[in-house]
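Asks: Mind having a look at this structure? Questions to follow.
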Amino acid sequence: MLSLFKFKGGVKPQTNKTQSVSEPIAVAPLPSRLFVPLHQSIGGTPQPLVQAGDRVLKGQLIGAADGWISSAVHAPTSGTVRAIAEHIAAHPSGLTTLSVEIEPDGKDEWIERTPIDYAKLPPERVRELLREAGVVGLGGAVFPTHGKLTASKTVPMDELVINGAECEPFITCDDVLMRERAEEVIRGVGIFRDLLQPKRVLIGIEDNKPEAVAALQTAVAKLNEKFEVIAVPTRYPAGGAKQLIRVLTGKEVPSSKRSTDLGVQCFNVATAYTAWRAVTHGEPVISRIVTLTGNVERPRNWEALIGTPLSEFVALGQPKADTNGYLMGGPMMGFEMPAMDAPLVKATNCIIAGSPTLFPPKAPEMPCIRCGECAKVCPHELQPFEMYWFSRAHNFGKTQEYHIFDCIECGCCSFVCPSRIPLVQYFRFAKSEIWAREKEKNAADQAKARFEWKTEREEREKAEKAEKLARAAAAQAAKKAAEAAAAAAAPAADSDATPAPATATAAGVAAQAPLPAATESATTTDAPVDADAAKKAAIAAAMERARAQRAAIQPKNTENLTLLQQKDIAAVDAVRQQAGIEPAPAAEAEEPKS
Amino acid sequence: MMDFSTPPYLLNNASVQRVMLQVLAALLPGVAAYVWIFGPIILVQLALATATALAAEAAMLKLREKPLAMFLSDGSAIVTAWLIALTFPPLSPWWLVVTGTLFAIVIAKHLYGGLGQNPFNPAMVAFAVCIVSFPALMSQWPSVGLQVSFADQARVVFGMMPRLDAISGATPLDTLKTALKLEEGTVSVTQLLADQTVYGFFAGRGWEWVTGGYLLGGIFLLWRGIISWHAPLSFIAGLTLLSGALWVWHPAQFANPFFHLFSGGAMLGAWFIVTDPVSGCTTMKGKLIFGFVAGALAYLIRVFGGYPDGVAFAVLLMNICVPLIDHYTQPAIFGMKDKS
């Protein structure tokens, strides 16, 4: 017998699981409408492949995976696509998401299913197959399964952990699945084992599900596998992937690492089941087992189609009169469904009808008394009261020092807090603020880079202009000087040219400045210089000096530009020229009035 | 910002009020012994302190525009009041405990932000303020064994009867210190402690029962999970180790650890003061440091300092250090214990 490890913290809420396991899984009848969201997994959002009016078959691809970390979406039954439109999502925000609305035709007609012997396929092809079949983590995280089926190149794969713990109160969908379809679960685990090649396969189930443990053990023996089916102590959140890995292997996966870096990977039992159905039966993920329990007359588990509207689903359980809302997921980490037409999705493991007696209104929030109960129960050994304090103070840097991103939002802290502080809510707030700020900062950094690049380019252009102008002015000055020299030959002193103060100053500047052009013109002419000419010479000299100065400053970062960037610059320059907003030459204002 | 109908939807039945009520319940064995040894006058002091605390709390909540009912019923002010009443001499004039309680609630608690915000233990602030301001009154304890009727005790408390030296004196702890000082070199601790009329079986006649009652209450809190063992046991360890070392070194000059543990405020301090979550350390290592140093400091102050007991000052000194200790004792989190 494997010796188990412990994770710190955790709580023991009333499990409330017996209500929904007295009856076997039933297949839910076809709903009148299905709303299948295209984005049902972590990663890229699939693009719709069908149009309104199209007839689709059961299992037909309606949204192809977009990118490697993404998962395909399929029509849950045969029927007609009525619309591809925004529909309310199964999400607490109440936001909408692009969904395919299908009107079932009642025939439930399958696409052509091709069973595959995956042992004959290369591993890459099996992973692709799972991606195309929309297999995602059904424990609730909905991470595309194929993305987790590549072992680390450097760390040998020690353990494959299969999660049948199901630690959240009320939820029994994995329990009944293991009881009733144990063999297929084990066969699915076999696929994962073949792809990852771990040394050991450990299946963890909380010890409040002895029937499931027995069923899986029987199936393992029957299929002649070497998997270990282990009953783990019932303590929430033992079913958290990291907690179960800890309990079964003793390894602690930090937030900064992937579990494969420690030679371990974890999948949910229902995921294994769907992987088996997908690969060897050609059935994509179009339905799942959903527990319908809580304040209903008939709590039980249903095999329901993805996209079934909540209203039609809950009607199956006959909700009692005082039902005041529906939770998706368990009472610890679940959320209230935003509307009755929100659909069941791949992440929907449980729907709990709530009532004021089942979930009484919470007592008002009191100040934190630093009793440390939250820290005692935190499975990640954090200091929730400190994170709460700094979240409240909007001191988000400090929340990160206290490792807020290691928080898995399991809710143990809120469960025990005597001050009834909604701690998880504060942490979610802090996390989203930090994300928003990081996004903002990235945007600002980009804008800054853009601005600096633009300024440099403008400076470079200015320098080039000035140089051109200076050259022209110098030439003109030389010409003028020559003319003046010619005029000086005739002793007709320009008597009416009373030197204005400005001209005098200009002459003064010219006299002071050791300017090659001016000196040259003065020495070569060897004659009283015309005030006007002197001024012009001075300006030309100043420009020359400026040019020399600018020549010393080389524009930066314009050398190794990509072709695309060069094209961008050219385009911008063209636009600027068209608009006539060339930068004014610096010396223009001082242009002599002749 | 906050939506209160958020997960988890399932909560246990904890509340601040439940915590405080259990602390009050844990004080009952000590209070019962107190009544038995010193008479019911302590109940008058408890009532005075409670009434003052609730009135001050209500006034401050009103001033600060906070919900009255929610905070008045949390029980925290009553806990403070009881701790004050139990640390003040039972025959002290009525206004002494009222002054102390007012100071604790108004200044030490509410001016720092109310429940959960006070850096110093309010009851210890009250004790420190009063022992500094009224040292004589705070050192006059009823003599055990002298039977004074409840009516006379009440007259003393309400100033209708002059204080009689005959009915009050120093605590055994204080008496021992004074005796050692007066008769330096001529008398040993062992000889002094043999006087059972003052020192009882091991730590002060009558007092042994009261402090034993606090110990019982502490064990109850430990069993209920209201407190953790770290702070109280390390406080006891700090006090025991220091007093034990000196006792072993010079038994004629220093009393044994047992005497120190069961006299003065040591037991009340260990189970009800250093365990205060608000003004104490929050990390387990921090609690150990806080308790140990507070225990050692309490011993140093009561034996070498000028005050009859050192628990209050020791705790207040450690309250100052809490942010520092907490900062340097943050535990490694899940998955990050391996330093490599």
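Residues are referred to by chain and number: the chain letter is A, B, ... according to the order shown in the structure tokens, the number counts from 1 in that chain, and ligands are numbered separately from 1 in the order shown.
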Tell me the residues of chain A close to chain B, meaning within 6 Å using only C-alpha atoms, as number ranges by chain.
Replies: A: 252-254, 331-333, 368-371, 380-382, 411, 415-416, 418-419
Asks: Can you pull out the residues contacting Leu344 (chain A)? Cut-off 6 Å, using only C-alpha atoms, and skip same-chain residues under 6 positions away; I want them as a PyMOL selection string.
Replies: chain A and resi 306-308
Asks: Save out the residues we just selected, all heavy atoms, as an mmCIF file, in the first residue's frame.
Replies:
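Output file out_36.cif is given in full below:
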```cif
data_model
loop_
_atom_site.group_PDB
_atom_site.id
_atom_site.type_symbol
_atom_site.label_atom_id
_atom_site.label_comp_id
_atom_site.auth_asym_id
_atom_site.auth_seq_id
_atom_site.Cartn_x
_atom_site.Cartn_y
_atom_site.Cartn_z
ATOM 1 N N ILE A 306 -24.028 19.554 -24.253
ATOM 2 C CA ILE A 306 -23.419 20.875 -24.118
ATOM 3 C C ILE A 306 -24.333 21.864 -24.854
ATOM 4 O O ILE A 306 -24.790 21.567 -25.960
ATOM 5 C CB ILE A 306 -22.017 20.886 -24.772
ATOM 6 C CG1 ILE A 306 -21.128 19.797 -24.185
ATOM 7 C CG2 ILE A 306 -21.374 22.270 -24.670
ATOM 8 C CD1 ILE A 306 -20.837 19.897 -22.731
ATOM 9 N N GLY A 307 -24.605 22.976 -24.256
ATOM 10 C CA GLY A 307 -25.454 23.975 -24.910
ATOM 11 C C GLY A 307 -26.892 23.960 -24.418
ATOM 12 O O GLY A 307 -27.682 24.838 -24.772
ATOM 13 N N THR A 308 -27.249 22.964 -23.596
ATOM 14 C CA THR A 308 -28.615 22.912 -23.055
ATOM 15 C C THR A 308 -28.860 24.149 -22.179
ATOM 16 O O THR A 308 -28.075 24.433 -21.284
ATOM 17 C CB THR A 308 -28.793 21.647 -22.184
ATOM 18 O OG1 THR A 308 -28.469 20.510 -22.970
ATOM 19 C CG2 THR A 308 -30.209 21.540 -21.647
#
```
Asks: Env of region 109-115 of chain A: 9 Å cut, atoms = only C-alpha atoms, seq-sep filter 3 positions within chain, self excluded. Answer as a list of chain:residue names.
Replies: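 Near region 109-115 of chain A, the qualifying residues are A:Val56, A:Leu57, A:Lys58, A:Gly59, A:Gln60, A:Thr77, A:Ser78, A:Gly79, A:Asp105, A:Gly106, A:Ala278, A:Val279, A:Thr280, A:His281, A:Gly282, A:Glu283.
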Asks: Need the shell around region 38-47 of chain A: protein/DNA/RNA residues with any atom at most 9 Å away, counting only C-alpha atoms. Skip same-chain ones fewer than 3 positions apart. Format as a list in words?
Replies: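 My reading of the contact set: Ile62, Gly63, Ala64, Ala65, Asp66, Gly67, Trp68, Ile69, Ser70, Ser71, Ala72, Val73, His74, Thr97, Leu98, Ser99, Val100, Gly134, Val136, Gly137, Ala141, Val142, Phe143, Pro144, Val345, Lys346 and Ala347 of chain A.
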Asks: For a test of reading the model, state the distance in Å between CA of Leu202 (chain A) and CA of Pro284 (chain A), rounded to one decimal.
Replies: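 About the pair CA of Leu202 (chain A) and CA of Pro284 (chain A): they are 26.0 Å apart.
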Asks: Looking only at helix (DSSP H, G or I) from DSSP on the backbone, list the matching residues of region 66-313 of chain A as JSON, numbers by chain.
Replies: {"A": [118, 119, 120, 123, 124, 125, 126, 127, 128, 129, 130, 131, 132, 145, 146, 147, 148, 173, 174, 175, 176, 177, 178, 179, 180, 182, 183, 184, 185, 186, 187, 188, 189, 190, 191, 192, 193, 194, 195, 196, 210, 211, 212, 213, 214, 215, 216, 217, 218, 219, 220, 221, 222, 241, 242, 243, 244, 245, 246, 247, 248, 249, 259, 260, 261, 262, 269, 270, 271, 272, 273, 274, 275, 276, 277, 278, 279, 280, 281, 310, 311, 312, 313]}
Asks: Neighbours of Arg181 (chain A) within 12 Å (only C-alpha atoms; same-chain residues fewer than 6 positions away dropped), as a list in words?
Replies: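 My list of contacting residues is Pro24, Ile25, Cys173, Asp174, Asp175, Arg187, Gly188, Ala212, Ala215, Leu216, Thr218, Ala219, Val269, Ala270, Ala272, Tyr273, Thr274, Trp276, Arg277 and Ile289 of chain A.
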Asks: Would you mind writing down, as JSON, numbers by chain, each residue of region 123-259 of chain A that DSSP on the backbone assigns to strand (DSSP E or B)?
Replies: {"A": [136, 144, 159, 160, 161, 162, 163, 200, 201, 202, 203, 204, 205, 206, 228, 229, 230, 231, 232, 236]}
Asks: Could you take the residues named above and write them with C-alpha atoms, as a PDB file, in the first residue's frame?
Replies:
```
ATOM      1  CA  VAL A 136     -10.629  19.372 -22.400  1.00  0.00           C
ATOM      2  CA  PRO A 144      -7.116  21.500 -23.641  1.00  0.00           C
ATOM      3  CA  GLU A 159       3.732   9.720 -12.006  1.00  0.00           C
ATOM      4  CA  LEU A 160       0.502  10.130 -13.875  1.00  0.00           C
ATOM      5  CA  VAL A 161      -2.109  11.251 -11.362  1.00  0.00           C
ATOM      6  CA  ILE A 162      -5.757  10.672 -12.185  1.00  0.00           C
ATOM      7  CA  ASN A 163      -8.119  12.874 -10.229  1.00  0.00           C
ATOM      8  CA  ARG A 200       3.448   4.857 -12.134  1.00  0.00           C
ATOM      9  CA  VAL A 201      -0.218   5.656 -12.555  1.00  0.00           C
ATOM     10  CA  LEU A 202      -2.005   6.769  -9.383  1.00  0.00           C
ATOM     11  CA  ILE A 203      -5.759   7.236  -9.281  1.00  0.00           C
ATOM     12  CA  GLY A 204      -6.854   9.262  -6.230  1.00  0.00           C
ATOM     13  CA  ILE A 205     -10.427   9.139  -4.950  1.00  0.00           C
ATOM     14  CA  GLU A 206     -11.687  10.634  -1.684  1.00  0.00           C
ATOM     15  CA  GLU A 228      -3.028   2.053  -8.290  1.00  0.00           C
ATOM     16  CA  VAL A 229      -6.477   3.142  -7.149  1.00  0.00           C
ATOM     17  CA  ILE A 230      -6.037   4.969  -3.860  1.00  0.00           C
ATOM     18  CA  ALA A 231      -8.589   6.261  -1.396  1.00  0.00           C
ATOM     19  CA  VAL A 232      -7.395   9.607  -0.046  1.00  0.00           C
ATOM     20  CA  TYR A 236     -11.552  19.904   0.792  1.00  0.00           C
TER      21      TYR A 236
END
```
Asks: Any idea what's packed within 8 Å of Val156 (chain B), counting only C-alpha atoms, ignoring anything in its chain fewer than 6 positions away? Could you give it as a PyMOL selection string?
Replies: chain B and resi 91-93+162-163
Asks: Need the shell around Ala231 (chain B): protein/DNA/RNA residues with any atom at most 6 Å away, counting only C-alpha atoms. Skip same-chain ones fewer than 4 positions apart. Format as a PyMOL selection string?
Replies: chain B and resi 235+287-288+291
Asks: What does the distance between CA of Ala475 (chain A) and CA of Ala541 (chain A) come to in Å, to one decimal place?
Replies: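 These two atoms are separated by 11.0 Å.
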Asks: Quick one: distance from CA of Ser22 (chain A) to CA of Arg300 (chain A) in Å, one decimal?
Replies: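 Between CA of Ser22 (chain A) and CA of Arg300 (chain A) the gap is 7.3 Å.
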Asks: Which of these residues is nearest to Leu24 (chain B), using only C-alpha atoms: B:Leu317, B:Ala81, B:Leu176, B:Ala266?
Replies: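 Counting only C-alpha atoms, the residue closest to Leu24 (chain B) is B:Ala81.
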